[in-house]
Amino acid sequence: MEEQTPKKVMLSGIQPSGDLHLGNYLGAIKNWAERADQFDCFYFMADMHTITVRQEPAALRRRTLEQLAQYIACGLDPEKNTLFIQSHVHQHAELGWVLNCYTMFGELSRMTQFKDKAARNSENINGGLFTYPCLMAADILLYQPDYVPVGEDQRQHVELCRNIVQRFNSIYGDVFKMPEPYIPKAGARVMGLSQPENKMSKSIPEGCIFLMEKPEDIQRKFKRAVTDSDTEHCVRYDPENKPGVSNLMNIYAAVTGKSLEAIEQEFEGAGYGKFKPAVGEAVIETLRPIREEAQRLLQDKAYLESVYRSGAERASYVAEKTLRKVYKKIGFLPR
Ligand code: TYM
């Protein structure tokens with residue numbers, strides 16, 4: 001009989017701190033959904049990470065469930081992927097604590113996300129915000145993944161996780177598998193439509209396209225997208241001098257699968273007046289089935305509950321194996 005090699009493992013998560021947007025979709029989820037058959041996949045709602053910034057409890061509950069519905073609507077089949085809520089798998093907090101003790105103050109001080117968030121929330125620079133990458137490393141390492149599919153902004157955290165693996169394994173032997181960041185070619189860094197020098201994020205809603213947004217609102221945002229102040233008004237890829245147009249081209253490339261050269265040819269001589277609504281339309285048609293399916297799933301709370309319950313059960317089974325190994329290595333007496 002032919003022997004089956006085990007599938008490689010993929011893992012990633014998103015914080016339900018805001019509604020999912022096009023950056024999350026193109027930078028992360030789209031990439032996940034396309035690989036569900038090839039890999040053994042774990043995807044979660046990173047609710048524990050969200051409380052590094054104060055959250056409204058009812059809104060956090062609502063968004064966590066909505067995020068699960070959106071994951072499924074984006075093509076993550078719960079039969080093929082393990083979908084779970086981070087706080088339901090207690091091993092994350094436990095390994096997170098251990099990894100805190102194997103991560104250096106200096107390393108954490110260099111994290112750009114910490115510096116950004118600390119600057120934006122100067123009244124609440126808490127310990128969790130600072131040690132957040134240790135919890136993220138625990139999220140990853142519990143499942144011994146080969147790949148961590150994320151957008152460009154999370155690369156630094158995955159690199160820190162790799163440093164932790166190296167430090168830990170050099171003391172205790174091969175405990176953790178070394179994970180690789182898996183960053184898409186198109187869509188790794190979607191910029192805001194109103195301020196193309198900043199990444200698309202929920203904190204600037206006028207430049208952010210949300211997955212559940214109405215088509216007319218999406219089209220309005222694309223029509224108002226900031227292009228460039230140059231006089232040539234042509235659709236040409238030049239991120240340095242034409243960041244707005246280049247961002248729209250990247251979005252169009254990511255949703256249609258067309259190359260940047262093909263896009264330049266398609267809109268040759270057409271000007272922005274034609275280009276911007278075309279990108280809007282392509283995005284609307286990509287998001288339409290996702291929105292409709294997510295709305296349908298949200299009517300069936302019992303189904304969503306059954307998905308996250310069985311997801312947590314399976315995740316916990318895998319996570320516990322790693323946690324036991326770690327506890328044994330560091331010298332904790334078994335229960
Ligand atoms: P988060 O919740 O900020 O973002 C989730 C995912 O979306 C990607 N992303 C983007 N990609 C392209 N363009 C954008 N404008 C854009 N904005 C967001 C992010 O790169 C990310 O992949 N710490 C993580 C969540 C997390 C995690 C993990 C990820 C917690 N534990 C373990 C991987 C593995 C975060 O805050 O991502």
# chains A, B, ... in the order shown; residues from 1 in each chain; ligands from 1
call {"tool": "residues_near_ligand", "arguments": {"ligand": "ligand 1", "cutoff": "8 Å", "atoms": "only C-alpha atoms and all ligand atoms", "output": "number ranges by chain"}}
result
A: 11-17, 21-29, 46, 49, 132-133, 135-140, 148-155, 157-158, 187-192, 199-201
call {"tool": "select_by_dssp", "arguments": {"residues": "range 180-316 of chain A", "states": "strand (DSSP E or B)", "output": "VMD selection string"}}
result
chain A and resid 180 to 182 191 199 210
call {"tool": "write_last_selection", "arguments": {"atoms": "N, CA and C atoms", "output": "PDB file, in the first residue's frame"}}
result
ATOM      1  N   GLU A 180       7.718  29.292   8.659  1.00  0.00           N
ATOM      2  CA  GLU A 180       8.072  30.274   7.618  1.00  0.00           C
ATOM      3  C   GLU A 180       6.908  31.244   7.432  1.00  0.00           C
ATOM      4  N   PRO A 181       7.203  32.542   7.307  1.00  0.00           N
ATOM      5  CA  PRO A 181       6.098  33.442   6.915  1.00  0.00           C
ATOM      6  C   PRO A 181       5.720  33.143   5.461  1.00  0.00           C
ATOM      7  N   TYR A 182       4.470  33.279   5.131  1.00  0.00           N
ATOM      8  CA  TYR A 182       3.999  32.993   3.772  1.00  0.00           C
ATOM      9  C   TYR A 182       3.231  34.225   3.317  1.00  0.00           C
ATOM     10  N   MET A 191      -2.993  49.402   0.599  1.00  0.00           N
ATOM     11  CA  MET A 191      -2.946  50.722   1.223  1.00  0.00           C
ATOM     12  C   MET A 191      -4.352  51.338   1.278  1.00  0.00           C
ATOM     13  N   LYS A 199      -1.243  51.950   5.398  1.00  0.00           N
ATOM     14  CA  LYS A 199      -1.894  50.682   5.044  1.00  0.00           C
ATOM     15  C   LYS A 199      -3.398  50.776   5.318  1.00  0.00           C
ATOM     16  N   PHE A 210     -14.785  47.473   3.733  1.00  0.00           N
ATOM     17  CA  PHE A 210     -15.128  46.351   4.617  1.00  0.00           C
ATOM     18  C   PHE A 210     -15.815  45.241   3.815  1.00  0.00           C
TER      19      PHE A 210
END
call {"tool": "closest_atom_pairs", "arguments": {"of": "range 149-228 of chain A", "to": "range 243-254 of chain A", "cutoff": "12 Å", "atoms": "only C-alpha atoms", "output": "tab-separated table"}}
result
residue	atom	partner	partner_atom	distance
A:Pro184	CA	A:Ala254	CA	9.4
A:Lys185	CA	A:Ala254	CA	8.6
A:Ala186	CA	A:Ala254	CA	5.2
A:Gly187	CA	A:Ala254	CA	5.8
A:Ala188	CA	A:Asn250	CA	9.4
A:Arg189	CA	A:Asn247	CA	8.8
A:Val190	CA	A:Asn247	CA	6.7
A:Met191	CA	A:Asn247	CA	6.2
A:Gly192	CA	A:Asn247	CA	8.3
A:Leu193	CA	A:Gly244	CA	7.2
A:Ser194	CA	A:Gly244	CA	8.5
A:Gln195	CA	A:Gly244	CA	8.0
A:Pro196	CA	A:Gly244	CA	5.2
A:Glu197	CA	A:Pro243	CA	7.0
A:Asn198	CA	A:Pro243	CA	10.1
A:Lys199	CA	A:Asn247	CA	10.0
A:Met200	CA	A:Asn247	CA	10.2
A:Gly207	CA	A:Gly244	CA	11.3
A:Ile209	CA	A:Ile251	CA	11.3
A:Lys221	CA	A:Leu248	CA	11.8
A:Phe222	CA	A:Leu248	CA	8.7
A:Lys223	CA	A:Leu248	CA	11.1
A:Arg224	CA	A:Gly244	CA	11.2
A:Ala225	CA	A:Gly244	CA	7.6
A:Val226	CA	A:Gly244	CA	5.8
A:Thr227	CA	A:Gly244	CA	4.5
A:Asp228	CA	A:Gly244	CA	6.2
call {"tool": "select_by_dssp", "arguments": {"residues": "range 194-328 of chain A", "states": "alpha helix (DSSP H)", "output": "PyMOL selection string"}}
result
chain A and resi 215-223+243-256+260-266+272-298+301-328
call {"tool": "atom_distance", "arguments": {"atom1": "CA of Val9 in chain A", "atom2": "CA of Gln144 in chain A"}}
result
7.3 Å
call {"tool": "closest_atom_pairs", "arguments": {"of": "range 202-314 of chain A", "to": "range 53-64 of chain A", "cutoff": "12 Å", "atoms": "only C-alpha atoms", "output": "CSV"}}
result
residue,atom,partner,partner_atom,distance
A:Met212,CA,A:Arg63,CA,11.8
A:Leu298,CA,A:Arg62,CA,10.2
A:Lys301,CA,A:Arg62,CA,11.2
A:Leu304,CA,A:Thr64,CA,10.8
A:Glu305,CA,A:Thr64,CA,11.4
A:Tyr308,CA,A:Thr64,CA,10.5
call {"tool": "write_last_selection", "arguments": {"atoms": "C-alpha atoms", "output": "JSON list (two decimals), in the first residue's frame"}}
result
[["chain", "number", "residue", "atom", "x", "y", "z"],
["A", 212, "MET", "CA", -19.75, 43.38, 4.52],
["A", 298, "LEU", "CA", -25.21, 34.50, 10.63],
["A", 301, "LYS", "CA", -26.12, 30.60, 15.22],
["A", 304, "LEU", "CA", -21.66, 28.52, 13.93],
["A", 305, "GLU", "CA", -21.52, 27.34, 17.55],
["A", 308, "TYR", "CA", -16.29, 26.71, 16.85]]
